[in-house]
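Have a look at the structure below, then the notes.
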Amino acid sequence: MILLTQTELLAKYDIPAPRYTSYPTVPYWSVNPTAEQWLREAKRTFEQNPRAEWSMYIHIPFCEELCTFCGCNTFITRNHDNELSYTDVLHKEWELYLAHLPELKTAPIRQIHLGGGTPTFFAAESLVRLLRPLLESVNIDPAHFEGSIEVNPRVTNRDHLIALRELGFQRISMGVQDFNPEVQRLVNRIQPYDITRDLTDMSRELGFESVNYDLIYGLPAQTADSFRETAETTLTLMPDRIALYSFAFVPWIKKAHRLFTEDDLPKGADKRALYEIAREIFLNAGYMELGLDHFALPNENLYQAHLEGRLHRNFMGYTDMRTDLLLGLGVSSISEAPTCFHQNDKVISSYNKRVLDGEVPTFRGHLLDEEDRRQREQILQFMTQERVMLHDAAQAADVRDYLGELLNDGLVAIDGLEMAMTERGRPFLRNAAMALDMRLRRNQPDTRVFSQAV
C-alpha cells in the first residue's frame, strides 16, 4: 500500500468539520427548550442524583479593543460603568436561578470559570463585587474546587491577581496568540513579550497553581520561522499548559474576519506545519499532547486527568473535570445538563432587559433524545482519549464503511468494536469523529457552518 504524504493527506481531508465542544453541535440543535423546560431539566439533574456536582461559567463580554481573530461574543467599549450595571444583571440572573433551583446552594460546586471578552476589563474591586456574593452563597470544598479566569495581559495588573487569589482562584489563562510583532499588528493585539513575562512571574509569585497560554496558528503573516520563534519564546516562560488553537476562519459569522481573505492566511499543509513545529518543540520540552490542541506539563491537573481517563471537553474546551450540571451566567452563556443545552440571549441590551424583567433569557438550546445522549458520550470519549468503544457490530460496520478512506490511509484503526486514531492520524481527529455524528450524516449543511478540520 502506498501511503500519501502529509501534504497530500491535508489536501484530501482539510474539509469543514465540527470542533465537537458539544453534541449535537450547535447548528444541529433542533428541539429548542422553553425557559421552563430548561429549568425542569436542570432541576431533574439534582432530583435523579442527590450527589450531583455542578460548575459555573460567567461570560464577561467587554473589551476595550477588537482583536480581529476573535470568534467570541464581545462588546467593544471603553465605558467602565458597564462593570457595575452588568454585575447587577448577573446577580439578578443568579437570584432567578436560586428561586427555581435552591439545590445550587447546597450541591457541591467544583469550578467557577470566567471567560470573555476580557474578564479583567473589570477592575479588581469590581471582580470582588461580582464574585464574593456568588462564592458566599454556594457550597465550596476548597480541596475540590477550582477558580479559573481568562485574562488579557495588556489590561491585567497586580491588584487583579491579588483579588482573585483572595477569592480562592488558582488558575489563570492568558491570551498570547503569537509573540511576533507583525502578526500582533495585523490582528490588532500589540502585546510585547515583557507584558506576558511580567504577568506570568507575578501570577506564580502570588501562588497561582496553573498558568495557561492560548496560542493560535493560522494567523496572517505567520511563517514556519516566525512560529518556531513564538514556540521557543513560550518555553522561556514554561506555562503549565498550552492551548494551541487553529484559527477558525469564519467570516460568514464574525465580521472582523472579513478584514482578511483566505489568501492572507496560511492554509492546508502550510498551516498544519505551524502546529507540527510547535508540537515538536513542546514535546521535546516535556509537555504531553492532549486531545485536539492542548499540551500540559506533568505537574498539571490536565495531564493527570488525561492519564486517569478523566479528561473532559465542553464549550470551554478541554478541562480536567466533568460535573453533572454546567450553569452559564451572562450574555450568550451556554449551560449544559444531562438532557438539555441552553444558551442565553446573545444581544447584551436584550439580555439585560429580560433578566431585569425577571425572565430567564433563553435564546436557544436543545433537548437531547436517547440517541443524542449515546452519541454524545461516544464523541466525548473519542475527542478526549482518541479511541472509543462502538456500540455493536452494526455500528462498527457502519463506521468502517463511512471511514473507508481514512482507514485505507492509515489514519484510523478499528479492532473489533474499538475505533482509535493512529499517531499518523492525529491531525484528522475531527474528520474521524464525524463518523459518530448521526445528525450531520443525515443532514449535510447546505452552507458553510464549520471551520476547516485541520
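Letters for chains follow the order of the C-alpha cells (A, B, ...), residue numbers begin at 1 for each chain, and ligand numbers begin at 1 in the order shown.
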Near range 44-65 of chain A, 10 Å: range 318-347 of chain A residue rows, closest pairs, only C-alpha atoms, as JSON lines:
```
{"residue": "A:Met321", "atom": "CA", "partner": "A:Ser55", "partner_atom": "CA", "distance": 9.5}
{"residue": "A:Arg322", "atom": "CA", "partner": "A:Trp54", "partner_atom": "CA", "distance": 8.5}
{"residue": "A:Thr323", "atom": "CA", "partner": "A:Trp54", "partner_atom": "CA", "distance": 5.0}
{"residue": "A:Asp324", "atom": "CA", "partner": "A:Glu53", "partner_atom": "CA", "distance": 5.5}
{"residue": "A:Leu325", "atom": "CA", "partner": "A:Trp54", "partner_atom": "CA", "distance": 4.7}
{"residue": "A:Leu326", "atom": "CA", "partner": "A:Ser55", "partner_atom": "CA", "distance": 4.9}
{"residue": "A:Leu327", "atom": "CA", "partner": "A:Met56", "partner_atom": "CA", "distance": 4.8}
{"residue": "A:Gly328", "atom": "CA", "partner": "A:Tyr57", "partner_atom": "CA", "distance": 4.7}
{"residue": "A:Leu329", "atom": "CA", "partner": "A:Ile58", "partner_atom": "CA", "distance": 4.8}
{"residue": "A:Gly330", "atom": "CA", "partner": "A:His59", "partner_atom": "CA", "distance": 5.0}
{"residue": "A:Val331", "atom": "CA", "partner": "A:His59", "partner_atom": "CA", "distance": 6.5}
{"residue": "A:Ser332", "atom": "CA", "partner": "A:His59", "partner_atom": "CA", "distance": 7.5}
{"residue": "A:Ser333", "atom": "CA", "partner": "A:His59", "partner_atom": "CA", "distance": 6.0}
{"residue": "A:Ile334", "atom": "CA", "partner": "A:Tyr57", "partner_atom": "CA", "distance": 8.2}
{"residue": "A:Ser335", "atom": "CA", "partner": "A:Tyr57", "partner_atom": "CA", "distance": 8.1}
{"residue": "A:Glu336", "atom": "CA", "partner": "A:Ser55", "partner_atom": "CA", "distance": 9.9}
{"residue": "A:Ala337", "atom": "CA", "partner": "A:Thr45", "partner_atom": "CA", "distance": 6.8}
{"residue": "A:Pro338", "atom": "CA", "partner": "A:Thr45", "partner_atom": "CA", "distance": 7.0}
{"residue": "A:Thr339", "atom": "CA", "partner": "A:Thr45", "partner_atom": "CA", "distance": 8.6}
```
(request) Write out as a PyMOL selection string all residues of range 299-413 of chain A that DSSP puts in helix (DSSP H, G or I) for this structure's backbone. (result) chain A and resi 301-307+348-356+370-385+393-402+404-408
Sorted by chain and rising residue number, list the residues of range 287-324 of chain A at most 12 Å from range 161-178 of chain A (counting only C-alpha atoms), each with its closest atom pair and distance in Å to one decimal, as CSV.
```
residue,atom,partner,partner_atom,distance
A:Glu300,CA,A:Arg171,CA,10.6
A:Asn301,CA,A:Arg171,CA,10.5
A:Leu302,CA,A:Arg171,CA,11.7
A:Met316,CA,A:Ser173,CA,11.7
A:Thr319,CA,A:Arg171,CA,11.8
```
Preceding selection exported with C-alpha atoms as a tab-separated table (two decimals), in the first residue's frame:
```
chain	number	residue	atom	x	y	z
A	300	GLU	CA	-0.62	19.94	35.70
A	301	ASN	CA	-4.10	18.66	36.59
A	302	LEU	CA	-4.97	18.36	32.90
A	316	MET	CA	-14.71	25.93	27.34
A	319	THR	CA	-10.93	20.56	31.21
```
(request) In Å, rounded to a single decimal, give me how far CA of Met419 in chain A is from CA of Leu390 in chain A. (result)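 Pair CA of Leu390 in chain A / CA of Met419 in chain A returns 7.1 Å.
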(request) Could you tell me which of A:Thr230, A:Thr34, A:Thr223, A:Ser349 comes closest to Pro192 in chain A if we count only C-alpha atoms? (result) A:Thr230
(message) Restricting the calculation to only C-alpha atoms: of A:Thr233, A:Ser85, A:Leu367, A:Met383, which residue gets closest to His294 in chain A?
(response)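 Using only C-alpha atoms, the shortest distance to His294 in chain A belongs to A:Met383.
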